[in-house]
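Structure file my_file.pdb with PDB, C-alpha atoms and all ligand atoms:
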MODEL        1
ATOM      1  CA  MET A  11      11.676   2.077  -0.783
ATOM      2  CA  PRO A  12      12.669   3.103  -4.306
ATOM      3  CA  VAL A  13      12.378   0.803  -7.291
ATOM      4  CA  SER A  14      15.456   1.701  -9.289
ATOM      5  CA  SER A  15      15.519  -0.388 -12.427
ATOM      6  CA  GLY A  16      13.473  -2.551 -14.745
ATOM      7  CA  PRO A  17       9.831  -2.212 -15.569
ATOM      8  CA  SER A  18       8.065  -0.433 -12.733
ATOM      9  CA  THR A  19       4.484  -1.451 -13.417
ATOM     10  CA  PHE A  20       2.179  -4.280 -14.341
ATOM     11  CA  SER A  21      -0.766  -3.419 -16.540
ATOM     12  CA  SER A  22      -2.795  -2.741 -13.400
ATOM     13  CA  GLY A  23      -0.327   0.011 -12.555
ATOM     14  CA  ALA A  24       0.773  -1.628  -9.326
ATOM     15  CA  PRO A  25       4.441  -1.294  -8.516
ATOM     16  CA  LEU A  26       6.351  -4.385  -9.587
ATOM     17  CA  LEU A  27       8.089  -4.680  -6.235
ATOM     18  CA  PHE A  28       4.745  -4.889  -4.434
ATOM     19  CA  ALA A  29       3.305  -7.274  -6.993
ATOM     20  CA  GLY A  30       6.256  -9.642  -6.711
ATOM     21  CA  GLU A  31       6.230  -9.797  -2.932
ATOM     22  CA  LEU A  32       2.464 -10.182  -2.762
ATOM     23  CA  ALA A  33       2.587 -12.908  -5.379
ATOM     24  CA  LEU A  34       5.207 -14.884  -3.468
ATOM     25  CA  ASP A  35       3.215 -14.414  -0.283
ATOM     26  CA  SER A  36       0.122 -16.044  -1.804
ATOM     27  CA  GLY A  37       1.782 -18.553  -4.136
ATOM     28  CA  PHE A  38       0.626 -16.542  -7.162
ATOM     29  CA  ARG A  39      -2.987 -17.222  -6.204
ATOM     30  CA  CYS A  40      -5.875 -14.875  -5.616
ATOM     31  CA  ILE A  41      -6.023 -14.466  -1.857
ATOM     32  CA  TYR A  42      -9.838 -14.665  -2.000
ATOM     33  CA  CYS A  43     -10.798 -17.396  -4.503
ATOM     34  CA  ASP A  44      -7.450 -19.230  -4.752
ATOM     35  CA  ARG A  45      -7.300 -18.901  -8.548
ATOM     36  CA  TYR A  46      -3.771 -19.585  -9.799
ATOM     37  CA  LEU A  47      -2.902 -16.442 -11.739
ATOM     38  CA  LEU A  48      -0.053 -17.965 -13.751
ATOM     39  CA  GLU A  49      -2.270 -20.736 -15.181
ATOM     40  CA  SER A  50      -2.709 -19.057 -18.546
ATOM     41  CA  ILE A  51      -2.611 -15.650 -20.165
ATOM     42  CA  ASP A  52      -6.326 -15.370 -19.395
ATOM     43  CA  SER A  53      -5.658 -15.912 -15.694
ATOM     44  CA  PHE A  54      -2.559 -13.722 -15.731
ATOM     45  CA  ASP A  55      -4.574 -10.889 -17.229
ATOM     46  CA  LEU A  56      -6.870 -10.976 -14.169
ATOM     47  CA  TRP A  57      -3.980 -10.121 -11.825
ATOM     48  CA  GLU A  58      -4.731  -7.154  -9.572
ATOM     49  CA  ASN A  59      -3.476  -5.896  -6.246
ATOM     50  CA  ASP A  60      -6.232  -5.307  -3.727
ATOM     51  CA  HIS A  61      -5.928  -2.704  -0.986
ATOM     52  CA  LEU A  62      -7.333  -4.292   2.185
ATOM     53  CA  GLU A  63      -8.198  -0.792   3.371
ATOM     54  CA  PRO A  64      -9.147   0.890   0.088
ATOM     55  CA  THR A  65      -7.135   3.965  -0.851
ATOM     56  CA  SER A  66     -10.517   5.687  -1.306
ATOM     57  CA  ARG A  67     -10.955   5.292   2.447
ATOM     58  CA  GLY A  68      -7.463   6.384   3.358
ATOM     59  CA  GLY A  69      -5.693   3.028   2.996
ATOM     60  CA  GLU A  70      -1.998   3.252   2.239
ATOM     61  CA  ASP A  71      -0.235   2.003  -0.858
ATOM     62  CA  ASN A  72       2.095  -0.401   0.932
ATOM     63  CA  LEU A  73       2.624  -4.155   1.256
ATOM     64  CA  GLN A  74       0.946  -4.429   4.656
ATOM     65  CA  ASN A  75      -2.245  -3.077   3.133
ATOM     66  CA  MET A  76      -2.191  -5.030  -0.130
ATOM     67  CA  ALA A  77      -3.106  -8.530  -1.267
ATOM     68  CA  LEU A  78      -2.943 -10.366  -4.579
ATOM     69  CA  SER A  79      -6.414 -10.658  -6.072
ATOM     70  CA  CYS A  80      -8.092 -11.639  -9.305
ATOM     71  CA  ARG A  81     -10.118  -8.966 -11.073
ATOM     72  CA  LEU A  82     -13.521 -10.389 -10.143
ATOM     73  CA  CYS A  83     -12.754 -10.715  -6.433
ATOM     74  CA  ASN A  84     -11.257  -7.229  -6.381
ATOM     75  CA  LYS A  85     -14.334  -5.887  -8.157
ATOM     76  CA  ILE A  86     -16.662  -7.597  -5.673
ATOM     77  CA  LYS A  87     -14.744  -6.271  -2.682
ATOM     78  CA  ARG A  88     -14.285  -2.758  -4.049
ATOM     79  CA  HIS A  89     -14.522  -0.222  -1.222
ATOM     80  CA  TRP A  90     -15.890  -2.648   1.352
ATOM     81  CA  VAL A  91     -14.253  -2.829   4.757
ATOM     82  CA  PRO A  92     -15.327  -4.739   7.864
ATOM     83  CA  ALA A  93     -16.907  -2.626  10.607
ATOM     84  CA  ASP A  94     -14.082  -3.588  12.960
ATOM     85  CA  LEU A  95     -11.317  -2.881  10.425
ATOM     86  CA  MET A  96      -9.138  -0.882  12.782
ATOM     87  CA  SER A  97      -9.017  -3.677  15.368
ATOM     88  CA  LEU A  98      -7.935  -6.312  12.819
ATOM     89  CA  ASP A  99      -4.411  -7.200  11.788
ATOM     90  CA  ARG A 100      -3.544  -8.051   8.174
ATOM     91  CA  ALA A 101      -4.604 -11.716   8.501
ATOM     92  CA  GLY A 102      -7.885 -10.698  10.138
ATOM     93  CA  ARG A 103      -8.593  -8.193   7.391
ATOM     94  CA  ILE A 104      -7.951 -10.854   4.743
ATOM     95  CA  ARG A 105     -10.246 -13.357   6.531
ATOM     96  CA  ALA A 106     -13.058 -10.801   6.784
ATOM     97  CA  ALA A 107     -12.702  -9.716   3.163
ATOM     98  CA  ARG A 108     -12.591 -13.353   2.003
ATOM     99  CA  GLU A 109     -15.968 -14.034   3.638
ATOM    100  CA  TYR A 110     -17.429 -10.935   2.018
ATOM    101  CA  VAL A 111     -16.016 -11.829  -1.407
ATOM    102  CA  GLU A 112     -17.201 -15.460  -1.135
ATOM    103  CA  GLU A 113     -20.741 -14.220  -0.434
ATOM    104  CA  GLY A 114     -20.487 -11.865  -3.414
ATOM    105  CA  ARG A 115     -19.341 -14.714  -5.635
ATOM    106  CA  ARG A 116     -22.296 -16.859  -4.448
ATOM    107  CA  ARG A 117     -24.698 -14.019  -5.367
ATOM    108  CA  LYS A 118     -23.111 -13.755  -8.817
ATOM    109  CA  GLU A 119     -23.353 -17.541  -9.295
ATOM    110  CA  ALA A 120     -27.063 -17.423  -8.374
ATOM    111  CA  TYR A 121     -27.624 -14.561 -10.802
ATOM    112  CA  LEU A 122     -25.840 -16.460 -13.584
ATOM    113  CA  ASP A 123     -27.977 -19.522 -12.841
ATOM    114  CA  SER A 124     -31.146 -17.425 -13.129
ATOM    115  CA  VAL A 125     -29.996 -15.896 -16.426
ATOM    116  CA  LYS A 126     -29.241 -19.359 -17.801
ATOM    117  CA  ALA A 127     -32.630 -20.641 -16.642
ATOM    118  CA  ILE A 128     -34.406 -17.794 -18.460
ATOM    119  CA  LEU A 129     -32.423 -18.369 -21.630
ATOM    120  CA  ARG A 130     -33.102 -22.095 -21.417
ATOM    121  CA  GLU A 131     -36.854 -21.470 -21.001
ATOM    122  CA  ASN A 132     -36.699 -19.418 -24.169
ATOM    123  CA  SER A 133     -34.748 -22.164 -25.900
ATOM    124  CA  GLU A 134     -31.769 -19.897 -26.375
ATOM    125  CA  LEU A 135     -29.470 -22.239 -24.513
ATOM    126  CA  PRO A 136     -29.116 -25.976 -24.908
ATOM    127  CA  ARG A 137     -30.220 -28.000 -21.876
ATOM    128  CA  GLU A 138     -27.391 -28.943 -19.581
ATOM    129  CA  PRO A 139     -26.829 -32.659 -19.287
ATOM    130  CA  SER A 140     -28.856 -34.024 -16.370
ATOM    131  CA  SER A 141     -26.832 -35.606 -13.624
TER     132      SER A 141
HETATM  133 ZN    ZN B   1     -10.276 -14.257  -6.984
ENDMDL
END

Kindly transcribe the structure held in the file into structure tokens.
Ligand SMILES: [Zn+2]
Amino acid sequence: MPVSSGPSTFSSGAPLLFAGELALDSGFRCIYCDRYLLESIDSFDLWENDHLEPTSRGGEDNLQNMALSCRLCNKIKRHWVPADLMSLDRAGRIRAAREYVEEGRRRKEAYLDSVKAILRENSELPREPSS
């Protein structure tokens, strides 16, 4: 499926044709965390195309194997694949990866909380308002 005219890449290097179709498919939101990637230039800059089966593991560079992702979710998922990858269809692969990414995001949130607590103990951060 050749792309014949216009810019052929986003900054991530993903083919524009893929990016456009993936974006429409997900409403321009990260398929994992639901972040709206057209919200601002900061959000737009996070736009990446995830390979459900990573190319490093033989995944193909086609629409069936790709999903719109923000940079953090894509970074968390990296080369991970579910053990039963080959028995899952596209929707199943997305569901499995979403659970994995959500767990990764929770770990990062916990780590951030611990960093903030340490900084607060050392009076390097103002106390957060108590609720
Ligand atoms: Zn995301």

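Our summary of the geometry notes that CA of Thr65 (chain A) is positioned 14.2 Å from CA of Lys85 (chain A).
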
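If you apply the PyMOL selection byres (((chain A and resi 114) around 12) and not hetatm) to this structure, you end up with A:Tyr42, A:Cys43, A:Leu82, A:Cys83, A:Asn84, A:Lys85, A:Ile86, A:Lys87, A:Arg88, A:Trp90, A:Ala107, A:Arg108, A:Glu109, A:Tyr110, A:Val111, A:Glu112, A:Glu113, A:Arg115, A:Arg116, A:Arg117, A:Lys118, A:Glu119, A:Ala120, A:Tyr121.
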
*In Å, rounded to a single decimal, give me how far CA of His61 (chain A) is from CA of Leu95 (chain A).*
12.6 Å

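You will find CA of Gly30 (chain A) at 24.6 Å from CA of Arg67 (chain A).
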
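With distances restricted to only C-alpha atoms and all ligand atoms, A:Leu78 is the closest residue to ligand ZN 1 (chain B) from A:Leu62, A:Leu78, A:Ile128, A:Leu48.
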